[in-house]
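Undergrad: Compact mmCIF, C-alpha atoms and all ligand atoms, saved as entry-v5.txt, coming up:
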```txt
# COMPACT_ATOMS: atom_id res chain seq x y z
CA MET A 404 -4.60 35.33 5.36
CA SER A 405 -3.29 31.73 5.47
CA THR A 406 -2.99 29.70 8.65
CA ALA A 407 -0.03 27.30 8.99
CA ALA A 408 -2.37 24.41 8.12
CA THR A 409 -3.87 26.04 5.00
CA ALA A 410 -0.40 27.18 3.89
CA ARG A 411 0.70 23.53 4.00
CA VAL A 412 -2.26 22.49 1.82
CA ARG A 413 -1.59 25.31 -0.64
CA ALA A 414 2.12 24.42 -0.83
CA ALA A 415 1.32 20.76 -1.56
CA LEU A 416 -1.20 21.74 -4.26
CA ALA A 417 1.22 24.22 -5.83
CA ARG A 418 3.39 21.24 -6.88
CA GLN A 419 0.49 19.75 -8.92
CA PRO A 420 -0.21 20.74 -12.53
CA ARG A 421 -3.23 23.02 -12.69
CA THR A 422 -4.96 24.82 -15.54
CA THR A 423 -6.72 28.04 -14.53
CA LEU A 424 -10.38 27.69 -15.47
CA THR A 425 -12.08 29.97 -12.96
CA ILE A 426 -11.63 33.10 -10.90
CA LEU A 427 -11.04 32.31 -7.23
CA PRO A 428 -11.78 32.80 -4.37
CA THR A 429 -15.55 32.55 -4.62
CA PRO A 430 -17.52 34.76 -2.20
CA LEU A 431 -18.65 33.67 1.25
CA GLN A 432 -22.01 35.34 1.70
CA GLU A 433 -24.17 35.72 4.80
CA ALA A 434 -27.84 34.74 4.26
CA SER A 435 -29.51 36.91 6.90
CA ARG A 436 -32.91 37.35 5.22
CA PHE A 437 -33.08 33.59 4.72
CA ARG A 438 -32.19 33.19 8.42
CA ASP A 439 -34.98 35.61 9.36
CA ALA A 440 -37.45 33.58 7.30
CA LEU A 441 -36.42 30.50 9.28
CA GLY A 442 -37.18 32.14 12.63
CA GLY A 443 -34.36 34.67 13.01
CA PRO A 444 -31.39 34.59 15.41
CA GLY A 445 -33.52 33.14 18.22
CA ARG A 446 -34.29 29.95 16.25
CA CYS A 447 -31.95 29.69 13.30
CA PRO A 448 -28.14 29.52 13.19
CA ARG A 449 -26.10 32.03 11.26
CA ILE A 450 -25.87 30.68 7.67
CA LEU A 451 -22.99 31.53 5.33
CA ILE A 452 -23.20 30.44 1.74
CA LYS A 453 -19.94 29.58 -0.02
CA ARG A 454 -20.79 30.64 -3.55
CA ASP A 455 -19.14 27.97 -5.69
CA ASP A 456 -22.13 28.38 -7.98
CA LEU A 457 -20.25 31.55 -9.01
CA THR A 458 -17.13 29.84 -10.34
CA SER A 459 -16.74 31.61 -13.63
CA LEU A 460 -16.48 28.62 -15.97
CA GLY A 461 -19.45 27.94 -18.26
CA LEU A 462 -22.25 28.92 -15.82
CA GLY A 463 -20.42 27.74 -12.72
CA GLY A 464 -20.50 25.01 -10.11
CA ASN A 465 -18.28 22.75 -8.05
CA LYS A 466 -16.75 20.94 -11.03
CA ALA A 467 -14.65 23.95 -12.02
CA ARG A 468 -12.30 23.27 -9.09
CA LYS A 469 -11.89 19.58 -9.97
CA LEU A 470 -11.51 20.30 -13.68
CA GLU A 471 -8.58 22.66 -13.09
CA TYR A 472 -6.54 19.62 -12.00
CA LEU A 473 -8.14 17.11 -14.41
CA VAL A 474 -7.58 19.26 -17.49
CA ALA A 475 -3.97 19.94 -16.43
CA ASP A 476 -3.45 16.19 -16.02
CA ALA A 477 -4.98 15.57 -19.46
CA LEU A 478 -2.75 18.21 -21.07
CA SER A 479 0.35 16.83 -19.34
CA LEU A 480 -0.43 13.43 -20.91
CA GLY A 481 -0.80 14.98 -24.38
CA ALA A 482 -4.57 14.47 -24.53
CA THR A 483 -6.61 16.07 -27.29
CA THR A 484 -10.09 14.88 -26.27
CA LEU A 485 -11.91 14.93 -22.93
CA ILE A 486 -14.47 12.14 -22.54
CA THR A 487 -16.84 11.94 -19.62
CA THR A 488 -20.18 10.52 -18.52
CA GLY A 489 -23.24 11.57 -16.52
CA ALA A 490 -26.98 12.00 -16.57
CA VAL A 491 -28.45 13.97 -19.46
CA GLN A 492 -28.68 17.07 -17.23
CA SER A 493 -25.22 16.51 -15.74
CA ASN A 494 -23.57 19.70 -14.54
CA HIS A 495 -20.24 17.92 -14.56
CA ALA A 496 -20.65 17.04 -18.25
CA ARG A 497 -21.62 20.63 -19.08
CA MET A 498 -18.60 22.02 -17.23
CA THR A 499 -16.28 19.46 -18.85
CA ALA A 500 -17.54 20.65 -22.23
CA ALA A 501 -16.90 24.26 -21.14
CA ALA A 502 -13.42 23.37 -19.86
CA ALA A 503 -12.61 21.70 -23.18
CA CYS A 504 -13.46 24.97 -24.99
CA VAL A 505 -11.16 27.00 -22.74
CA ALA A 506 -8.32 24.45 -22.98
CA GLY A 507 -8.65 24.01 -26.76
CA LEU A 508 -9.63 20.34 -26.48
CA ARG A 509 -12.29 18.18 -28.12
CA CYS A 510 -15.07 16.84 -25.88
CA VAL A 511 -17.31 13.75 -26.10
CA LEU A 512 -20.09 13.33 -23.52
CA VAL A 513 -21.75 9.94 -22.90
CA LEU A 514 -25.05 10.89 -21.26
CA THR A 515 -27.70 8.69 -19.66
CA SER A 516 -31.27 9.58 -20.53
CA THR A 517 -34.68 8.17 -19.63
CA THR A 518 -36.03 9.28 -23.02
CA GLU A 519 -34.73 8.72 -26.54
CA ARG A 520 -35.05 12.39 -27.42
CA PRO A 521 -34.42 14.50 -24.31
CA ALA A 522 -35.39 18.17 -24.55
CA VAL A 523 -32.49 20.33 -25.63
CA ALA A 524 -32.67 22.60 -22.57
CA GLY A 525 -30.68 23.38 -19.43
CA ASN A 526 -27.31 21.64 -19.32
CA LEU A 527 -27.90 19.71 -22.53
CA LEU A 528 -28.45 22.96 -24.41
CA LEU A 529 -25.20 24.32 -22.97
CA ASP A 530 -23.33 21.08 -23.86
CA LYS A 531 -24.32 21.71 -27.45
CA LEU A 532 -23.39 25.40 -27.34
CA TYR A 533 -19.96 24.39 -26.01
CA GLY A 534 -19.61 22.14 -29.05
CA ALA A 535 -19.55 18.74 -27.30
CA ASP A 536 -20.18 15.55 -29.27
CA ILE A 537 -23.06 13.85 -27.41
CA ARG A 538 -23.82 10.11 -27.21
CA LEU A 539 -27.00 9.03 -25.38
CA VAL A 540 -27.33 5.85 -23.29
CA PRO A 541 -30.63 4.57 -21.78
CA SER A 542 -31.09 5.03 -18.02
CA ILE A 543 -31.23 1.93 -15.81
CA ASP A 544 -32.24 3.07 -12.32
CA PRO A 545 -33.84 6.33 -11.13
CA MET A 546 -32.04 6.08 -7.76
CA LEU A 547 -28.64 6.20 -9.42
CA ALA A 548 -27.17 8.92 -11.57
CA VAL A 549 -25.67 6.77 -14.32
CA GLY A 550 -26.52 4.04 -16.83
CA LYS A 551 -24.51 1.25 -18.42
CA ASP A 552 -22.11 3.52 -20.20
CA GLU A 553 -18.77 1.66 -19.94
CA ALA A 554 -19.11 -0.07 -23.34
CA VAL A 555 -20.01 3.22 -25.03
CA VAL A 556 -17.06 5.00 -23.42
CA ALA A 557 -14.73 2.18 -24.54
CA ARG A 558 -16.07 2.55 -28.10
CA VAL A 559 -15.59 6.32 -28.07
CA VAL A 560 -12.00 5.85 -26.84
CA GLU A 561 -11.33 3.47 -29.74
CA GLU A 562 -12.94 5.81 -32.28
CA GLU A 563 -10.89 8.76 -31.03
CA ARG A 564 -7.66 6.76 -31.20
CA ALA A 565 -8.51 5.47 -34.68
CA ALA A 566 -9.02 9.08 -35.81
CA GLY A 567 -5.57 10.05 -34.50
CA TRP A 568 -6.72 11.85 -31.33
CA THR A 569 -5.56 11.16 -27.77
CA PRO A 570 -8.49 10.61 -25.40
CA TYR A 571 -8.52 11.31 -21.65
CA VAL A 572 -11.44 9.75 -19.77
CA ILE A 573 -12.70 11.69 -16.76
CA PRO A 574 -14.70 9.47 -14.38
CA VAL A 575 -18.29 10.39 -13.53
CA GLY A 576 -18.44 13.63 -11.56
CA GLY A 577 -14.72 14.22 -12.10
CA SER A 578 -14.29 12.09 -8.99
CA SER A 579 -10.76 10.74 -9.07
CA GLY A 580 -7.63 11.26 -7.02
CA VAL A 581 -6.71 14.11 -9.37
CA GLY A 582 -10.17 15.73 -9.17
CA VAL A 583 -10.15 15.59 -5.35
CA CYS A 584 -7.38 18.22 -5.35
CA GLY A 585 -10.06 20.77 -6.33
CA TYR A 586 -11.79 20.63 -2.96
CA LEU A 587 -8.54 20.39 -1.04
CA GLY A 588 -7.86 23.84 -2.47
CA GLY A 589 -11.50 24.82 -1.93
CA SER A 590 -11.23 23.83 1.74
CA ALA A 591 -8.06 25.87 2.28
CA GLU A 592 -9.75 28.83 0.61
CA LEU A 593 -12.86 28.52 2.80
CA VAL A 594 -10.94 28.01 6.04
CA ASP A 595 -8.89 31.14 5.31
CA GLN A 596 -12.05 33.16 4.59
CA LEU A 597 -13.60 31.95 7.84
CA ALA A 598 -10.45 32.80 9.80
CA ASP A 599 -10.37 36.29 8.27
CA ALA A 600 -14.02 36.79 9.28
CA GLY A 601 -13.40 35.41 12.79
CA LEU A 602 -15.96 32.63 12.28
CA ALA A 603 -15.87 29.05 13.62
CA PRO A 604 -18.79 27.18 12.03
CA SER A 605 -19.85 23.81 13.43
CA ARG A 606 -21.04 22.18 10.19
CA LEU A 607 -20.67 22.48 6.43
CA TYR A 608 -23.72 21.26 4.49
CA TYR A 609 -23.38 20.27 0.84
CA ALA A 610 -24.98 17.99 -1.76
CA SER A 611 -23.19 14.71 -2.31
CA GLY A 612 -23.29 12.70 -5.55
CA SER A 613 -20.28 10.90 -6.98
CA ARG A 614 -18.25 11.79 -3.85
CA GLY A 615 -15.25 13.64 -5.27
CA THR A 616 -16.43 16.76 -3.49
CA GLN A 617 -16.86 14.77 -0.29
CA ALA A 618 -13.37 13.30 -0.45
CA GLY A 619 -11.87 16.77 -1.04
CA LEU A 620 -13.96 18.43 1.66
CA ALA A 621 -13.35 15.72 4.27
CA LEU A 622 -9.62 15.47 3.69
CA GLY A 623 -9.44 19.24 3.21
CA ALA A 624 -11.21 19.88 6.53
CA ARG A 625 -8.72 17.65 8.31
CA LEU A 626 -5.64 19.11 6.59
CA ALA A 627 -6.79 22.72 6.95
CA GLU A 628 -7.84 22.15 10.58
CA ALA A 629 -11.39 23.35 9.91
CA THR A 630 -13.72 23.87 12.86
CA TYR A 631 -16.68 22.41 10.94
CA ARG A 632 -17.90 18.85 10.49
CA VAL A 633 -18.50 18.04 6.82
CA TYR A 634 -22.20 17.14 6.49
CA GLY A 635 -23.02 15.54 3.14
CA VAL A 636 -26.61 15.18 1.95
CA ALA A 637 -26.96 12.36 -0.60
CA VAL A 638 -28.86 13.09 -3.82
CA SER A 639 -28.64 9.52 -5.12
CA ALA A 640 -28.24 6.04 -3.66
CA GLY A 641 -25.15 3.86 -3.88
CA GLU A 642 -23.83 3.16 -0.37
CA PRO A 643 -21.59 1.50 0.73
CA GLU A 644 -19.67 1.55 -2.58
CA LYS A 645 -19.65 5.35 -2.64
CA ILE A 646 -18.10 5.67 0.81
CA GLU A 647 -15.35 3.31 -0.31
CA ARG A 648 -14.87 5.39 -3.46
CA ALA A 649 -14.58 8.58 -1.41
CA ARG A 650 -11.98 7.00 0.85
CA ARG A 651 -10.03 5.53 -2.07
CA ILE A 652 -9.86 8.72 -4.14
CA GLY A 653 -9.23 10.90 -1.08
CA ASN A 654 -6.29 8.72 -0.15
CA GLU A 655 -5.04 8.69 -3.75
CA ALA A 656 -5.04 12.49 -3.64
CA ALA A 657 -3.14 12.52 -0.33
CA ALA A 658 -0.56 10.14 -1.80
CA ARG A 659 -0.20 12.28 -4.97
CA LEU A 660 0.48 15.30 -2.79
CA GLY A 661 3.01 13.40 -0.68
CA LEU A 662 0.95 13.91 2.49
CA PRO A 663 0.87 11.20 5.18
CA GLU A 664 -2.78 11.76 6.24
CA ARG A 665 -5.37 9.16 5.22
CA LEU A 666 -9.18 9.34 5.40
CA ASP A 667 -11.08 7.20 7.81
CA LEU A 668 -14.59 5.85 7.03
CA SER A 669 -15.90 7.75 10.09
CA GLU A 670 -15.09 11.05 8.31
CA LEU A 671 -17.27 10.16 5.32
CA PHE A 672 -20.81 10.34 6.66
CA THR A 673 -23.55 11.14 4.12
CA ASP A 674 -27.17 11.64 5.20
CA GLN A 675 -29.36 9.35 3.04
CA GLY A 676 -32.66 10.80 4.29
CA PHE A 677 -33.31 13.48 1.66
CA ILE A 678 -33.02 11.62 -1.68
CA GLY A 679 -36.81 11.28 -2.07
CA GLU A 680 -37.95 9.28 -5.09
CA GLY A 681 -34.60 9.35 -6.77
CA TYR A 682 -31.79 11.21 -8.47
CA GLY A 683 -33.01 14.36 -10.19
CA ILE A 684 -36.56 14.09 -8.82
CA PRO A 685 -37.20 17.16 -6.63
CA THR A 686 -38.83 16.62 -3.24
CA THR A 687 -41.36 18.97 -1.64
CA ALA A 688 -38.63 20.10 0.78
CA ALA A 689 -36.29 20.81 -2.15
CA LEU A 690 -38.91 22.89 -3.95
CA GLU A 691 -39.56 24.85 -0.76
CA ALA A 692 -35.82 25.48 -0.36
CA ILE A 693 -35.55 26.77 -3.95
CA ALA A 694 -38.50 29.14 -3.46
CA LEU A 695 -37.38 30.43 -0.03
CA LEU A 696 -33.75 31.13 -0.92
CA ALA A 697 -34.82 32.77 -4.19
CA LYS A 698 -37.37 34.98 -2.45
CA THR A 699 -35.15 36.01 0.48
CA GLU A 700 -31.66 36.24 -1.06
CA ALA A 701 -32.19 36.06 -4.85
CA ILE A 702 -29.83 33.06 -4.83
CA LEU A 703 -30.87 30.18 -7.07
CA LEU A 704 -30.55 26.58 -5.91
CA ASP A 705 -30.85 23.74 -8.41
CA PRO A 706 -33.60 21.08 -8.42
CA CYS A 707 -31.27 18.05 -8.34
CA TYR A 708 -28.48 18.72 -5.82
CA THR A 709 -28.32 21.92 -3.79
CA SER A 710 -32.06 22.13 -3.09
CA LYS A 711 -31.98 18.70 -1.43
CA ALA A 712 -29.01 19.75 0.72
CA MET A 713 -30.70 23.03 1.67
CA GLY A 714 -33.94 21.13 2.35
CA ALA A 715 -31.94 19.02 4.83
CA LEU A 716 -30.50 22.10 6.54
CA MET A 717 -33.97 23.68 6.80
CA ALA A 718 -35.36 20.48 8.31
CA HIS A 719 -32.51 20.41 10.84
CA VAL A 720 -33.10 24.06 11.80
CA ARG A 721 -36.81 23.36 12.36
CA SER A 722 -36.20 20.17 14.34
CA GLY A 723 -33.50 21.82 16.48
CA GLU A 724 -30.80 19.39 15.28
CA VAL A 725 -28.77 22.50 14.53
CA GLU A 726 -29.10 25.16 17.19
CA ALA A 727 -29.53 28.91 16.89
CA CYS A 728 -26.18 29.53 18.61
CA GLU A 729 -24.28 27.65 15.87
CA THR A 730 -22.80 28.96 12.64
CA ILE A 731 -23.35 26.87 9.52
CA VAL A 732 -21.66 26.99 6.11
CA PHE A 733 -23.71 25.89 3.11
CA LEU A 734 -21.55 25.05 0.09
CA HIS A 735 -23.50 26.08 -3.00
CA THR A 736 -22.21 23.71 -5.67
CA GLY A 737 -24.16 25.24 -8.58
CA GLY A 738 -26.43 23.42 -11.01
CA MET A 739 -28.93 26.13 -11.88
CA PRO A 740 -29.13 25.31 -15.63
CA ALA A 741 -31.46 22.43 -14.62
CA LEU A 742 -33.97 25.05 -13.43
CA PHE A 743 -34.56 25.77 -17.10
CA THR A 744 -35.73 22.31 -18.08
CA GLU A 745 -39.28 21.29 -18.85
CA SER A 746 -39.36 18.62 -16.14
CA PHE A 747 -38.46 21.13 -13.44
CA VAL A 748 -40.65 23.95 -14.70
CA ALA A 749 -43.68 21.64 -14.87
CA GLY A 750 -43.10 20.31 -11.34
CA ALA A 751 -42.26 23.65 -9.73
CA ASP A 752 -45.09 25.76 -11.10
CA PRO A 753 -47.93 25.55 -8.56
CA ALA A 754 -50.41 25.99 -11.42
CA THR A 755 -49.34 22.67 -12.92
CA ARG A 756 -49.26 20.65 -9.67
C1 LIG A 801 -24.68 21.04 -8.58
C2 LIG A 801 -23.94 19.87 -8.03
N1 LIG A 801 -23.83 19.76 -6.70
C3 LIG A 801 -23.21 18.72 -6.13
C4 LIG A 801 -22.66 17.71 -6.91
C5 LIG A 801 -22.03 16.55 -6.20
O1 LIG A 801 -20.66 16.53 -6.36
P1 LIG A 801 -19.90 15.12 -6.34
O2 LIG A 801 -20.31 14.40 -7.59
O3 LIG A 801 -18.49 15.47 -6.30
O4 LIG A 801 -20.38 14.38 -5.15
C6 LIG A 801 -22.76 17.78 -8.30
C7 LIG A 801 -22.23 16.70 -9.14
O5 LIG A 801 -22.50 16.55 -10.28
C8 LIG A 801 -23.42 18.89 -8.87
O6 LIG A 801 -23.56 19.00 -10.20
```
Would you write out, as structure tokens, the structure that this file holds?
TA:
Amino acid sequence: MSTAATARVRAALARQPRTTLTILPTPLQEASRFRDALGGPGRCPRILIKRDDLTSLGLGGNKARKLEYLVADALSLGATTLITTGAVQSNHARMTAAAACVAGLRCVLVLTSTTERPAVAGNLLLDKLYGADIRLVPSIDPMLAVGKDEAVVARVVEEERAAGWTPYVIPVGGSSGVGVCGYLGGSAELVDQLADAGLAPSRLYYASGSRGTQAGLALGARLAEATYRVYGVAVSAGEPEKIERARRIGNEAAARLGLPERLDLSELFTDQGFIGEGYGIPTTAALEAIALLAKTEAILLDPCYTSKAMGALMAHVRSGEVEACETIVFLHTGGMPALFTESFVAGADPATR
């Protein structure tokens, strides 16, 4: 059932071009055995997991929602080729490759790698199965998710044009004013599910990278009149530029939709305390989160994003920062293909530590 606020968001989004890439809504699932393992109702808040890992496109994740609007924009401009960037195990790149298959488009991925010959596993294996053309770029900084890829992207754009194709460049993470629409819709969907279940959570935890999800969630929470505060957990460095990016693309989305609301910097908090040694390097807390959620709920977190966000939530439950009387939503943004990479398997197996 829609509230007046979510109906307004849905009506504004309905005027935007959108290509269906996934089956929605995703489930909102109570994690009671996980709660019991964290001390039960006397110590741990109620935890509901919004299962955006179950978006049905190409092994799922948060990018499906953004790509519905990005692919529609590309098609409306007559594009024939999607080009995007990311780390070699980028979920966004993998889902862009999957979206290209479904939309009948070509796809070129410019991927940053710390090694010349990365193992063809996890997301990279899927990129290849989805038929993407892959260009590798050396990594520059373990704290950041990307390398110096602009020149390579510019070259790919020229090559595509010279071959008679029409390229459409999707920024890293799909984080643009167009992509933000995905989590405006995701927020309306979640707020309606919560209203139907009679729930009023105090916080929504999620993993924050390139900030398109943040912009959509923060603006979406305001527009949909959510009860929760959006609590981002950073998986890579990059402040204050990333806050500015979130505000800029959030406000671009609002303008596209003809809505007067604008994001304020105070709505764009991201906790920087759980990054650990850098992007894609799992922390002890992240590994514990993966093991505990798997064992209690058979839900798989990923080693790069969601496990760091869940590690933050677990730390806050144990420290009392979130109280047992609260209700928390955890947005599961996907990413499990990275579980099946050599670097994760070696680090996660106690026998190899
Ligand atoms: C699994 C997963 N979670 C969270 C994120 C963060 O989303 P955003 O880049 O919109 O901040 C990503 C981005 O790649 C992701 O792959």
Undergrad: Which of these residues is nearest to ligand LIG 801 (chain A), using all atoms listed in the file: A:Gly442, A:Gly582, A:Pro643, A:Gly676?
TA: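 Distance minimum relative to ligand LIG 801 (chain A) lands on A:Gly582.
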Undergrad: Calculate, to one decimal in Å, the centre and edge lengths of the box along x, y and z of the file that holds all listed atoms of segment 409-417 of chain A with 3 Å of margin on each side, and present them as lines of an AutoDock Vina configuration file.
TA:
```
center_x = -0.9
center_y = 24.0
center_z = -0.4
size_x = 12.0
size_y = 12.4
size_z = 16.8
```
Undergrad: Could you check which of A:Leu704, A:Val583, A:Ala637, A:Ala741 is closest to Gly653 of chain A, using all atoms listed in the file?
TA: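 Closest residue, counting all atoms listed in the file: A:Val583.
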Undergrad: Choose the residue, out of A:Ala591, A:Cys728, A:Val560, A:Ala610, that has the smallest atom-to-atom separation from ligand LIG 801 (chain A); count only C-alpha atoms and all ligand atoms.
TA: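 That would be A:Ala610, the residue with the smallest distance to ligand LIG 801 (chain A).
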Undergrad: Which neighbours of Asp674 of chain A fall inside 8 Å, counting all atoms listed in the file, when residues of the same chain fewer than 2 positions from it are skipped, and could you give them as a ChimeraX atom specification?
TA: /A:634-637,672,676-677
Undergrad: What does the file look like for those residues with C-alpha atoms, as a PDB file, in the coordinates of the input?
TA:
```pdb
ATOM      1  CA  TYR A 634     -22.200  17.140   6.490  1.00  0.00           C
ATOM      2  CA  GLY A 635     -23.020  15.540   3.140  1.00  0.00           C
ATOM      3  CA  VAL A 636     -26.610  15.180   1.950  1.00  0.00           C
ATOM      4  CA  ALA A 637     -26.960  12.360  -0.600  1.00  0.00           C
ATOM      5  CA  PHE A 672     -20.810  10.340   6.660  1.00  0.00           C
ATOM      6  CA  GLY A 676     -32.660  10.800   4.290  1.00  0.00           C
ATOM      7  CA  PHE A 677     -33.310  13.480   1.660  1.00  0.00           C
TER       8      PHE A 677
END
```
Undergrad: What residues have any atom no more than 7 Å from ligand LIG 801 (chain A) when counting all atoms listed in the file, and can you list them as a ChimeraX atom specification?
TA: /A:464-465,493-495,576,578,610-617,705,708-709,736-738
Undergrad: Nearest residue to Glu563 of chain A out of A:Ser405, A:Thr422, A:Ser710, A:Thr484, using all atoms listed in the file?
TA: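 Between A:Ser405, A:Thr422, A:Ser710, A:Thr484, the residue approaching Glu563 of chain A most closely is A:Thr484.
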